[in-house]
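Next comes model11.cif, with mmCIF, C-alpha atoms and all ligand atoms.
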```
data_input
loop_
_atom_site.label_atom_id
_atom_site.label_comp_id
_atom_site.auth_asym_id
_atom_site.auth_seq_id
_atom_site.Cartn_x
_atom_site.Cartn_y
_atom_site.Cartn_z
CA MET A 459 9.59 26.49 32.61
CA LYS A 460 10.02 29.41 30.25
CA LEU A 461 13.64 30.20 29.52
CA THR A 462 15.71 32.55 27.37
CA LEU A 463 18.63 30.85 25.65
CA LYS A 464 21.59 32.83 24.38
CA ILE A 465 23.39 30.43 22.06
CA TRP A 466 26.69 30.80 20.20
CA ARG A 467 26.05 30.44 16.46
CA GLN A 468 29.02 30.15 14.11
CA LYS A 469 28.79 28.77 10.57
CA ASN A 470 32.30 27.34 10.49
CA ASN A 471 35.81 27.78 11.79
CA LYS A 472 36.49 30.81 9.58
CA ALA A 473 33.20 32.65 10.17
CA LYS A 474 32.67 35.21 12.92
CA GLY A 475 30.31 33.84 15.57
CA GLU A 476 27.73 35.60 17.71
CA LEU A 477 25.29 34.91 20.53
CA LYS A 478 21.70 34.61 19.32
CA THR A 479 18.66 34.72 21.56
CA TYR A 480 15.97 32.01 21.55
CA PRO A 481 12.96 32.00 23.88
CA ILE A 482 11.81 28.48 24.84
CA ASP A 483 8.76 27.23 26.75
CA GLY A 484 7.46 23.96 28.20
CA ILE A 485 10.79 22.79 29.61
CA GLU A 486 10.47 20.32 32.50
CA GLY A 487 12.88 19.84 35.37
CA ASP A 488 13.35 16.15 34.58
CA MET A 489 14.65 16.89 31.08
CA SER A 490 18.38 16.74 30.52
CA PHE A 491 20.13 19.80 29.14
CA LEU A 492 20.57 18.05 25.79
CA GLU A 493 16.86 17.12 25.69
CA MET A 494 16.10 20.80 26.20
CA LEU A 495 18.31 21.58 23.17
CA ASP A 496 16.50 18.81 21.24
CA VAL A 497 13.20 20.63 21.93
CA LEU A 498 14.68 23.88 20.63
CA ASN A 499 16.04 22.15 17.52
CA GLU A 500 12.63 20.56 16.76
CA GLU A 501 11.12 24.04 16.89
CA LEU A 502 13.84 25.51 14.66
CA ILE A 503 13.49 22.68 12.11
CA ASN A 504 9.68 23.07 12.05
CA LYS A 505 10.13 26.79 11.33
CA GLY A 506 12.61 26.01 8.53
CA ASP A 507 15.57 27.42 10.49
CA GLU A 508 18.94 25.72 10.91
CA PRO A 509 19.16 23.62 14.09
CA VAL A 510 21.91 24.34 16.61
CA VAL A 511 24.88 21.99 16.14
CA PHE A 512 26.14 20.43 19.37
CA ASP A 513 28.22 17.35 20.06
CA HIS A 514 26.83 14.29 21.85
CA ASP A 515 26.97 10.52 21.66
CA CYS A 516 26.34 8.31 24.71
CA ARG A 517 24.13 10.73 26.70
CA GLU A 518 25.11 8.83 29.84
CA GLY A 519 28.32 10.52 30.96
CA ILE A 520 30.87 8.18 29.41
CA CYS A 521 31.92 9.46 25.97
CA GLY A 522 32.89 13.05 26.83
CA ALA A 523 31.39 14.48 23.65
CA CYS A 524 28.78 16.83 25.16
CA SER A 525 31.18 19.63 26.03
CA LEU A 526 29.29 22.89 26.53
CA GLN A 527 30.11 26.05 28.42
CA ILE A 528 26.88 26.87 30.27
CA ASN A 529 26.62 30.25 31.99
CA GLY A 530 30.43 30.38 31.91
CA GLU A 531 30.96 26.95 33.48
CA PRO A 532 32.06 23.80 31.62
CA HIS A 533 29.15 21.30 31.88
CA GLY A 534 27.07 23.89 33.75
CA PRO A 535 26.26 24.57 37.40
CA ASP A 536 26.00 21.00 38.79
CA ARG A 537 29.05 19.12 40.10
CA LEU A 538 30.50 15.80 38.87
CA VAL A 539 28.12 15.58 35.91
CA THR A 540 28.50 16.00 32.19
CA THR A 541 26.18 18.25 30.18
CA CYS A 542 24.11 15.22 29.10
CA GLN A 543 23.49 14.38 32.76
CA LEU A 544 22.74 17.94 33.79
CA HIS A 545 19.03 18.28 34.58
CA MET A 546 16.91 21.31 33.85
CA ARG A 547 15.81 21.34 37.52
CA MET A 548 19.13 23.11 38.16
CA PHE A 549 17.54 26.18 36.52
CA LYS A 550 14.51 28.32 37.45
CA ASP A 551 11.53 29.47 35.42
CA GLY A 552 12.46 32.77 33.73
CA ASP A 553 16.22 32.11 33.74
CA THR A 554 18.49 33.24 30.92
CA ILE A 555 21.06 30.59 30.00
CA THR A 556 24.15 31.40 27.94
CA ILE A 557 25.49 28.41 25.98
CA GLU A 558 28.89 28.55 24.30
CA PRO A 559 31.44 26.08 22.95
CA PHE A 560 34.55 25.27 25.00
CA ARG A 561 37.02 28.10 24.32
CA ALA A 562 40.63 27.10 23.50
CA ASN A 563 42.85 27.60 20.46
CA ALA A 564 43.55 23.87 20.55
CA PHE A 565 39.78 23.21 20.33
CA PRO A 566 38.76 25.12 17.16
CA VAL A 567 35.02 25.56 16.59
CA ILE A 568 33.66 23.27 13.87
CA LYS A 569 30.16 24.76 13.92
CA ASP A 570 28.00 26.47 16.59
CA LEU A 571 28.67 24.58 19.84
CA MET A 572 30.78 21.76 18.38
CA VAL A 573 34.55 21.94 18.72
CA ASP A 574 37.36 19.82 17.31
CA ARG A 575 39.06 18.01 20.21
CA THR A 576 41.36 15.80 18.13
CA SER A 577 44.29 17.54 19.86
CA PHE A 578 43.42 15.30 22.84
CA GLU A 579 43.53 12.24 20.60
CA ARG A 580 47.00 13.20 19.36
CA ILE A 581 48.21 13.50 22.96
CA GLN A 582 46.76 10.06 23.66
CA GLN A 583 48.39 8.61 20.53
CA ALA A 584 51.77 9.99 21.63
CA GLY A 585 51.95 7.48 24.50
CA GLY A 586 48.61 6.73 26.16
CA TYR A 587 48.80 2.99 25.61
CA VAL A 588 50.70 -0.13 26.65
CA SER A 589 52.37 -2.14 23.88
CA VAL A 590 51.39 -5.77 24.34
CA ASN A 591 52.44 -8.82 22.38
CA THR A 592 49.14 -10.34 21.36
CA SER A 593 50.72 -13.39 19.72
CA GLY A 594 48.88 -15.79 22.03
CA ASN A 595 51.58 -15.81 24.73
CA THR A 596 50.05 -12.91 26.68
CA ILE A 597 50.08 -13.51 30.42
CA ASP A 598 46.75 -13.12 32.22
CA ALA A 599 46.78 -9.65 33.81
CA ASN A 600 45.65 -11.12 37.15
CA THR A 601 48.93 -13.01 37.53
CA ILE A 602 50.75 -9.69 38.15
CA PRO A 603 50.16 -8.53 41.74
CA VAL A 604 49.13 -4.86 42.05
CA ASN A 605 48.89 -2.94 45.31
CA LYS A 606 45.19 -2.18 46.05
CA GLN A 607 45.71 1.57 46.51
CA ASP A 608 47.65 1.80 43.24
CA ALA A 609 44.95 -0.20 41.44
CA ASP A 610 42.25 2.12 42.79
CA ASP A 611 44.21 5.29 41.92
CA SER A 612 44.92 3.96 38.44
CA PHE A 613 41.25 3.10 37.97
CA ASN A 614 40.21 6.58 39.10
CA ALA A 615 42.65 8.21 36.66
CA ALA A 616 41.29 5.97 33.90
CA THR A 617 37.78 7.35 34.42
CA CYS A 618 38.81 10.55 32.57
CA ILE A 619 36.49 10.73 29.57
CA GLY A 620 38.53 13.29 27.58
CA CYS A 621 35.76 15.88 27.62
CA GLY A 622 38.05 18.91 27.81
CA ALA A 623 36.25 20.66 30.68
CA CYS A 624 39.60 20.97 32.48
CA VAL A 625 40.95 23.01 29.56
CA ALA A 626 37.81 25.15 29.29
CA ALA A 627 37.89 25.87 33.04
CA CYS A 628 41.54 26.90 33.09
CA LYS A 629 42.56 30.54 32.62
CA ASN A 630 45.79 29.21 31.02
CA VAL A 631 43.89 26.71 28.80
CA SER A 632 46.13 24.01 30.21
CA ALA A 633 45.54 20.34 29.41
CA MET A 634 47.61 19.13 32.37
CA LEU A 635 44.74 17.38 34.19
CA PHE A 636 43.75 15.37 31.12
CA THR A 637 47.34 14.45 30.21
CA ALA A 638 48.18 13.66 33.84
CA ALA A 639 45.18 11.32 34.11
CA LYS A 640 46.26 9.48 30.97
CA VAL A 641 49.88 9.22 32.20
CA SER A 642 48.86 8.21 35.74
CA GLN A 643 46.60 5.33 34.79
CA PHE A 644 49.71 3.54 33.45
CA ALA A 645 52.38 5.00 35.75
CA LEU A 646 50.72 3.33 38.74
CA LEU A 647 50.71 -0.18 37.25
CA PRO A 648 53.62 -2.58 36.66
CA GLN A 649 52.37 -3.02 33.07
CA GLY A 650 52.89 0.70 32.47
CA LYS A 651 56.45 0.89 33.80
CA VAL A 652 58.10 -0.58 30.67
CA GLU A 653 57.31 2.45 28.47
CA ALA A 654 57.01 5.01 31.29
CA THR A 655 59.95 7.19 30.22
CA GLU A 656 58.95 7.68 26.59
CA ARG A 657 55.27 7.91 27.50
CA VAL A 658 55.49 10.96 29.74
CA LEU A 659 58.09 12.74 27.60
CA ASN A 660 56.14 12.18 24.37
CA MET A 661 52.72 13.01 25.79
CA VAL A 662 53.91 16.24 27.41
CA ALA A 663 55.76 17.23 24.21
CA GLN A 664 52.57 16.65 22.19
CA MET A 665 50.52 18.62 24.73
CA ASP A 666 52.88 21.59 24.31
CA LYS A 667 52.89 21.21 20.52
CA GLU A 668 49.08 21.44 20.44
CA GLY A 669 49.30 24.88 22.05
CA PHE A 670 47.82 24.18 25.48
CA GLY A 671 48.97 26.54 28.23
CA ASN A 672 51.04 25.90 31.33
CA CYS A 673 49.62 24.85 34.69
CA THR A 674 49.77 27.39 37.51
CA ASN A 675 47.90 25.22 40.02
CA THR A 676 44.70 27.26 40.18
CA GLY A 677 42.69 24.05 40.70
CA ALA A 678 39.80 25.19 38.45
CA CYS A 679 40.21 22.01 36.37
CA GLU A 680 39.62 19.71 39.34
CA ILE A 681 36.50 21.66 40.39
CA GLU A 682 34.89 21.46 36.93
CA CYS A 683 35.96 17.90 36.04
CA PRO A 684 32.81 15.76 35.74
CA LYS A 685 34.77 12.67 36.80
CA GLY A 686 36.47 14.13 39.86
CA ILE A 687 39.99 13.63 38.48
CA SER A 688 42.31 14.79 41.25
CA LEU A 689 45.15 17.33 41.05
CA GLU A 690 47.33 14.59 42.60
CA ASN A 691 47.61 13.21 39.08
CA ILE A 692 49.35 16.42 37.95
CA ALA A 693 51.84 16.11 40.81
CA ARG A 694 52.44 12.47 39.81
CA MET A 695 52.96 13.42 36.15
CA ASN A 696 55.44 16.13 37.17
CA ARG A 697 57.42 13.54 39.18
CA GLU A 698 57.30 11.10 36.25
CA TYR A 699 58.44 13.86 33.90
CA LEU A 700 61.35 14.89 36.12
CA SER A 701 62.56 11.35 36.54
CA ALA A 702 62.19 10.65 32.78
CA SER A 703 64.09 13.87 31.93
CA LEU A 704 66.96 12.90 34.25
CA LYS A 705 67.16 9.47 32.59
CA GLY A 706 66.96 11.00 29.11
S1 LIG A 801 40.41 15.36 33.39
FE1 LIG A 801 38.19 15.57 33.77
S2 LIG A 801 37.65 17.49 32.76
FE2 LIG A 801 39.63 16.86 31.91
S3 LIG A 801 39.16 15.68 30.09
FE3 LIG A 801 39.33 14.20 31.80
S4 LIG A 801 37.22 13.98 32.54
FE4 LIG A 801 37.22 15.84 31.28
S1 LIG A 802 27.02 12.59 25.48
FE1 LIG A 802 28.55 11.19 26.19
S2 LIG A 802 29.27 12.09 28.04
FE2 LIG A 802 27.63 13.37 27.44
#
```
Entire entry expressed as structure tokens:
Amino acid sequence: MKLTLKIWRQKNNKAKGELKTYPIDGIEGDMSFLEMLDVLNEELINKGDEPVVFDHDCREGICGACSLQINGEPHGPDRLVTTCQLHMRMFKDGDTITIEPFRANAFPVIKDLMVDRTSFERIQQAGGYVSVNTSGNTIDANTIPVNKQDADDSFNAATCIGCGACVAACKNVSAMLFTAAKVSQFALLPQGKVEATERVLNMVAQMDKEGFGNCTNTGACEIECPKGISLENIARMNREYLSASLKG
């Protein structure tokens, strides 16, 4: 395939960015989107130009690093896949592909297509954990009975990889789906009940402090989420938040 790439280039957080055009040839359908960018970068390096900076790590859909806005969609046109698992067969010979970083004030651009998503880490640090005494007296988790549906729902919420596509898809740049997934994975389990009140209050407070917008239930986050995290998690977090506020 021959393609035209329009790629956001920005030297650093302070610099003004712009879309630059790069023609590329010899792209095969079985390549991943990141492999296609690797081919471009090889060419740029061989010509003595600066390669395009983009974030990636696992390249198998589990780390959430490869967050790109492709033709206006987080992670591109396929469903339930991350950018690293997006295949070039989703595009046609002669296509023009626009590639931008995720756009949100809480995700400032570091360089080109790489953004700083440590705001998500701070939300996680505000309560996305269970405090456990690891002194050697820890009870085996399997000794605590958990309803099968709750276990499955908790597991599904825990599959959120923190990629930020929900934020990039949302016209309000809301981080509710991410935060709700992180709250839900504990709210559904007996182990998570002990710190439930502080967890939801602290995580939502941190989410607001980071400058993410409010949720107006457009559902765009659920559609673009590569892990299929359901809007039900937002409803659950709202219930948790209400009950925690009444207690507080
Ligand atoms: S909820 Fe989905 S889109 Fe949002 S960070 Fe988690 S995996 Fe990514
Ligand atoms: S590089 Fe890890 S999810 Fe894509």
Contact table chain A vs ligand LIG 801 (chain A), cut-off 10 Å, shortest pair per residue, all atoms listed in the file, as a tab-separated table:
```
residue	atom	partner	partner_atom	distance
A:Gly519	CA	A:LIG801	S4	9.7
A:Ile520	CA	A:LIG801	S4	9.2
A:Cys521	CA	A:LIG801	S4	9.6
A:Gly522	CA	A:LIG801	FE4	6.8
A:Ala523	CA	A:LIG801	FE4	9.7
A:Ser525	CA	A:LIG801	FE4	8.9
A:Pro532	CA	A:LIG801	S2	8.5
A:His533	CA	A:LIG801	S2	9.4
A:Leu538	CA	A:LIG801	FE1	9.2
A:Val539	CA	A:LIG801	S4	9.8
A:Thr540	CA	A:LIG801	FE4	8.8
A:Phe578	CA	A:LIG801	S3	8.4
A:Ala615	CA	A:LIG801	S1	8.2
A:Ala616	CA	A:LIG801	FE3	8.7
A:Thr617	CA	A:LIG801	S4	6.9
A:Cys618	CA	A:LIG801	FE3	3.8
A:Ile619	CA	A:LIG801	S4	4.5
A:Gly620	CA	A:LIG801	S3	3.5
A:Cys621	CA	A:LIG801	FE4	3.9
A:Gly622	CA	A:LIG801	S3	4.1
A:Ala623	CA	A:LIG801	S2	4.0
A:Cys624	CA	A:LIG801	S2	4.0
A:Val625	CA	A:LIG801	FE2	6.7
A:Ala626	CA	A:LIG801	S2	8.4
A:Ala627	CA	A:LIG801	S2	8.4
A:Ser632	CA	A:LIG801	FE2	9.8
A:Ala633	CA	A:LIG801	FE2	7.3
A:Met634	CA	A:LIG801	S1	8.2
A:Leu635	CA	A:LIG801	S1	4.8
A:Phe636	CA	A:LIG801	S1	4.0
A:Thr637	CA	A:LIG801	S1	7.7
A:Ala638	CA	A:LIG801	S1	8.0
A:Ala639	CA	A:LIG801	S1	6.3
A:Lys640	CA	A:LIG801	FE3	8.4
A:Ala678	CA	A:LIG801	S2	9.8
A:Cys679	CA	A:LIG801	S2	6.3
A:Glu680	CA	A:LIG801	FE1	7.1
A:Ile681	CA	A:LIG801	S2	8.8
A:Glu682	CA	A:LIG801	S2	6.4
A:Cys683	CA	A:LIG801	S2	3.7
A:Pro684	CA	A:LIG801	S4	5.7
A:Lys685	CA	A:LIG801	S4	5.1
A:Gly686	CA	A:LIG801	FE1	6.5
A:Ile687	CA	A:LIG801	S1	5.4
A:Ser688	CA	A:LIG801	S1	8.1
A:Leu689	CA	A:LIG801	S1	9.2
A:Asn691	CA	A:LIG801	S1	9.4
```
Prev. selection, C-alpha atoms, output as a PDB file, keeping the file's coordinate frame:
```
ATOM      1  CA  GLY A 519      28.320  10.520  30.960  1.00  0.00           C
ATOM      2  CA  ILE A 520      30.870   8.180  29.410  1.00  0.00           C
ATOM      3  CA  CYS A 521      31.920   9.460  25.970  1.00  0.00           C
ATOM      4  CA  GLY A 522      32.890  13.050  26.830  1.00  0.00           C
ATOM      5  CA  ALA A 523      31.390  14.480  23.650  1.00  0.00           C
ATOM      6  CA  SER A 525      31.180  19.630  26.030  1.00  0.00           C
ATOM      7  CA  PRO A 532      32.060  23.800  31.620  1.00  0.00           C
ATOM      8  CA  HIS A 533      29.150  21.300  31.880  1.00  0.00           C
ATOM      9  CA  LEU A 538      30.500  15.800  38.870  1.00  0.00           C
ATOM     10  CA  VAL A 539      28.120  15.580  35.910  1.00  0.00           C
ATOM     11  CA  THR A 540      28.500  16.000  32.190  1.00  0.00           C
ATOM     12  CA  PHE A 578      43.420  15.300  22.840  1.00  0.00           C
ATOM     13  CA  ALA A 615      42.650   8.210  36.660  1.00  0.00           C
ATOM     14  CA  ALA A 616      41.290   5.970  33.900  1.00  0.00           C
ATOM     15  CA  THR A 617      37.780   7.350  34.420  1.00  0.00           C
ATOM     16  CA  CYS A 618      38.810  10.550  32.570  1.00  0.00           C
ATOM     17  CA  ILE A 619      36.490  10.730  29.570  1.00  0.00           C
ATOM     18  CA  GLY A 620      38.530  13.290  27.580  1.00  0.00           C
ATOM     19  CA  CYS A 621      35.760  15.880  27.620  1.00  0.00           C
ATOM     20  CA  GLY A 622      38.050  18.910  27.810  1.00  0.00           C
ATOM     21  CA  ALA A 623      36.250  20.660  30.680  1.00  0.00           C
ATOM     22  CA  CYS A 624      39.600  20.970  32.480  1.00  0.00           C
ATOM     23  CA  VAL A 625      40.950  23.010  29.560  1.00  0.00           C
ATOM     24  CA  ALA A 626      37.810  25.150  29.290  1.00  0.00           C
ATOM     25  CA  ALA A 627      37.890  25.870  33.040  1.00  0.00           C
ATOM     26  CA  SER A 632      46.130  24.010  30.210  1.00  0.00           C
ATOM     27  CA  ALA A 633      45.540  20.340  29.410  1.00  0.00           C
ATOM     28  CA  MET A 634      47.610  19.130  32.370  1.00  0.00           C
ATOM     29  CA  LEU A 635      44.740  17.380  34.190  1.00  0.00           C
ATOM     30  CA  PHE A 636      43.750  15.370  31.120  1.00  0.00           C
ATOM     31  CA  THR A 637      47.340  14.450  30.210  1.00  0.00           C
ATOM     32  CA  ALA A 638      48.180  13.660  33.840  1.00  0.00           C
ATOM     33  CA  ALA A 639      45.180  11.320  34.110  1.00  0.00           C
ATOM     34  CA  LYS A 640      46.260   9.480  30.970  1.00  0.00           C
ATOM     35  CA  ALA A 678      39.800  25.190  38.450  1.00  0.00           C
ATOM     36  CA  CYS A 679      40.210  22.010  36.370  1.00  0.00           C
ATOM     37  CA  GLU A 680      39.620  19.710  39.340  1.00  0.00           C
ATOM     38  CA  ILE A 681      36.500  21.660  40.390  1.00  0.00           C
ATOM     39  CA  GLU A 682      34.890  21.460  36.930  1.00  0.00           C
ATOM     40  CA  CYS A 683      35.960  17.900  36.040  1.00  0.00           C
ATOM     41  CA  PRO A 684      32.810  15.760  35.740  1.00  0.00           C
ATOM     42  CA  LYS A 685      34.770  12.670  36.800  1.00  0.00           C
ATOM     43  CA  GLY A 686      36.470  14.130  39.860  1.00  0.00           C
ATOM     44  CA  ILE A 687      39.990  13.630  38.480  1.00  0.00           C
ATOM     45  CA  SER A 688      42.310  14.790  41.250  1.00  0.00           C
ATOM     46  CA  LEU A 689      45.150  17.330  41.050  1.00  0.00           C
ATOM     47  CA  ASN A 691      47.610  13.210  39.080  1.00  0.00           C
TER      48      ASN A 691
END
```
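For the choices A:Ser612, A:Asn499, A:Gln468, A:Gln527, the atom-to-atom distance to Tyr480 (chain A) is smallest for A:Asn499 when using all atoms listed in the file.
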query: Of the candidates A:Arg517, A:Lys569, A:Lys474, A:Lys651, which one gets nearest to ligand LIG 802 (chain A) if we count only C-alpha atoms and all ligand atoms?
result: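 Nearest candidate to ligand LIG 802 (chain A) out of A:Arg517, A:Lys569, A:Lys474, A:Lys651: A:Arg517.
Each of A:Cys524, A:Ile485, A:Val497, A:Ala609 was compared to ligand LIG 802 (chain A) using all atoms listed in the file, and A:Cys524 turns out to be the nearest.
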task: Quick one: everything within 8 Å of Thr479 (chain A), counting all atoms listed in the file, minus sequence neighbours fewer than 3 positions away in the same chain. Send it as a list of chain:residue names.
output: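 Contacts, in chain order: A:Thr462, A:Leu463, A:Lys464, A:Ile465.
From CA of Asn529 (chain A) back to CA of Asn563 (chain A), the distance works out to 20.1 Å.
The gap separating CA of Val658 (chain A) from CA of Gly586 (chain A) is 8.8 Å, in Å to one decimal.
Between CA of Ile597 (chain A) and CA of Gln649 (chain A) lies a distance of 11.1 Å.
Shortest separation to Glu508 (chain A) among A:Asp570, A:Glu558, A:Asp553, A:Asp536 occurs at residue A:Asp570, atoms counted being only C-alpha atoms.
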Long-range neighbours of Glu493 (chain A) as a list in words, 12 Å cut-off, all atoms listed in the file, 4 positions minimum in chain: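 Result of the neighbour search: Gly484, Ile485, Glu486, Gly487, Asp488, Met489, Val497, Leu498, Asn499, Glu500, Phe512, His514, Arg517, Cys524, Thr541, Cys542, Gln543, Leu544, His545 and Met546 of chain A.
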- request: Identify which of the residues A:Glu698, A:Glu579, A:Asp515, A:Asp507 lies closest to Phe565 (chain A), counting all atoms listed in the file when measuring atom-to-atom distances.
  value: A:Glu579
message: Residues within 10 Å of Gly650 (chain A), please, as a PyMOL selection string. Count all atoms listed in the file; anything in the same chain fewer than 3 positions from it doesn't count.
response: chain A and resi 586-589+641-647+653-655+657
Export of the given selection (C-alpha atoms) as a PDB file, in the frame of the given file:
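What landed in result_34.pdb:
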```pdb
ATOM      1  CA  GLY A 586      48.610   6.730  26.160  1.00  0.00           C
ATOM      2  CA  TYR A 587      48.800   2.990  25.610  1.00  0.00           C
ATOM      3  CA  VAL A 588      50.700  -0.130  26.650  1.00  0.00           C
ATOM      4  CA  SER A 589      52.370  -2.140  23.880  1.00  0.00           C
ATOM      5  CA  VAL A 641      49.880   9.220  32.200  1.00  0.00           C
ATOM      6  CA  SER A 642      48.860   8.210  35.740  1.00  0.00           C
ATOM      7  CA  GLN A 643      46.600   5.330  34.790  1.00  0.00           C
ATOM      8  CA  PHE A 644      49.710   3.540  33.450  1.00  0.00           C
ATOM      9  CA  ALA A 645      52.380   5.000  35.750  1.00  0.00           C
ATOM     10  CA  LEU A 646      50.720   3.330  38.740  1.00  0.00           C
ATOM     11  CA  LEU A 647      50.710  -0.180  37.250  1.00  0.00           C
ATOM     12  CA  GLU A 653      57.310   2.450  28.470  1.00  0.00           C
ATOM     13  CA  ALA A 654      57.010   5.010  31.290  1.00  0.00           C
ATOM     14  CA  THR A 655      59.950   7.190  30.220  1.00  0.00           C
ATOM     15  CA  ARG A 657      55.270   7.910  27.500  1.00  0.00           C
TER      16      ARG A 657
END
```
message: Measuring between only C-alpha atoms and all ligand atoms, which one of A:Cys516, A:Ile568, A:Leu502, A:Ile555 shows the shortest distance to ligand LIG 802 (chain A)?
response: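 With only C-alpha atoms and all ligand atoms as the atom set, the closest residue is A:Cys516.
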N, CA and C atoms of region 468-488 of chain A from block above, as an mmCIF file, in the first residue's frame:
```cif
data_model
loop_
_atom_site.group_PDB
_atom_site.id
_atom_site.type_symbol
_atom_site.label_atom_id
_atom_site.label_comp_id
_atom_site.auth_asym_id
_atom_site.auth_seq_id
_atom_site.Cartn_x
_atom_site.Cartn_y
_atom_site.Cartn_z
ATOM 1 N N GLN A 468 5.594 18.078 17.275
ATOM 2 C CA GLN A 468 5.686 19.140 18.292
ATOM 3 C C GLN A 468 6.938 18.884 19.104
ATOM 4 N N LYS A 469 7.839 19.836 19.135
ATOM 5 C CA LYS A 469 9.158 19.637 19.758
ATOM 6 C C LYS A 469 9.070 19.352 21.251
ATOM 7 N N ASN A 470 8.191 20.082 21.922
ATOM 8 C CA ASN A 470 8.023 19.889 23.364
ATOM 9 C C ASN A 470 6.709 20.531 23.783
ATOM 10 N N ASN A 471 6.458 20.491 25.074
ATOM 11 C CA ASN A 471 5.188 20.982 25.604
ATOM 12 C C ASN A 471 4.944 22.468 25.334
ATOM 13 N N LYS A 472 6.027 23.243 25.249
ATOM 14 C CA LYS A 472 5.892 24.692 25.074
ATOM 15 C C LYS A 472 5.759 25.082 23.593
ATOM 16 N N ALA A 473 6.351 24.248 22.721
ATOM 17 C CA ALA A 473 6.391 24.598 21.290
ATOM 18 C C ALA A 473 5.016 24.478 20.650
ATOM 19 N N LYS A 474 4.852 25.210 19.531
ATOM 20 C CA LYS A 474 3.597 25.118 18.778
ATOM 21 C C LYS A 474 3.727 23.912 17.843
ATOM 22 N N GLY A 475 2.756 23.055 17.828
ATOM 23 C CA GLY A 475 2.825 21.876 16.956
ATOM 24 C C GLY A 475 2.137 22.105 15.627
ATOM 25 N N GLU A 476 2.395 21.182 14.684
ATOM 26 C CA GLU A 476 1.709 21.257 13.386
ATOM 27 C C GLU A 476 1.672 19.875 12.750
ATOM 28 N N LEU A 477 0.716 19.705 11.829
ATOM 29 C CA LEU A 477 0.640 18.445 11.093
ATOM 30 C C LEU A 477 1.627 18.500 9.931
ATOM 31 N N LYS A 478 2.455 17.457 9.805
ATOM 32 C CA LYS A 478 3.394 17.394 8.681
ATOM 33 C C LYS A 478 3.045 16.173 7.834
ATOM 34 N N THR A 479 3.273 16.307 6.537
ATOM 35 C CA THR A 479 2.864 15.243 5.621
ATOM 36 C C THR A 479 4.051 14.362 5.234
ATOM 37 N N TYR A 480 3.821 13.036 5.302
ATOM 38 C CA TYR A 480 4.861 12.068 4.938
ATOM 39 C C TYR A 480 4.251 11.011 4.019
ATOM 40 N N PRO A 481 4.729 10.904 2.776
ATOM 41 C CA PRO A 481 4.276 9.792 1.943
ATOM 42 C C PRO A 481 5.005 8.515 2.384
ATOM 43 N N ILE A 482 4.340 7.370 2.300
ATOM 44 C CA ILE A 482 4.986 6.109 2.683
ATOM 45 C C ILE A 482 4.514 5.026 1.720
ATOM 46 N N ASP A 483 5.414 4.083 1.428
ATOM 47 C CA ASP A 483 5.120 3.034 0.428
ATOM 48 C C ASP A 483 5.499 1.673 1.021
ATOM 49 N N GLY A 484 4.990 0.618 0.405
ATOM 50 C CA GLY A 484 5.406 -0.743 0.787
ATOM 51 C C GLY A 484 4.790 -1.224 2.089
ATOM 52 N N ILE A 485 3.668 -0.645 2.476
ATOM 53 C CA ILE A 485 3.016 -1.047 3.733
ATOM 54 C C ILE A 485 2.097 -2.241 3.459
ATOM 55 N N GLU A 486 2.237 -3.298 4.276
ATOM 56 C CA GLU A 486 1.421 -4.499 4.076
ATOM 57 C C GLU A 486 0.293 -4.559 5.098
ATOM 58 N N GLY A 487 -0.780 -5.211 4.677
ATOM 59 C CA GLY A 487 -1.970 -5.298 5.531
ATOM 60 C C GLY A 487 -1.707 -5.984 6.862
ATOM 61 N N ASP A 488 -0.750 -6.923 6.880
ATOM 62 C CA ASP A 488 -0.485 -7.671 8.116
ATOM 63 C C ASP A 488 0.375 -6.895 9.114
#
```
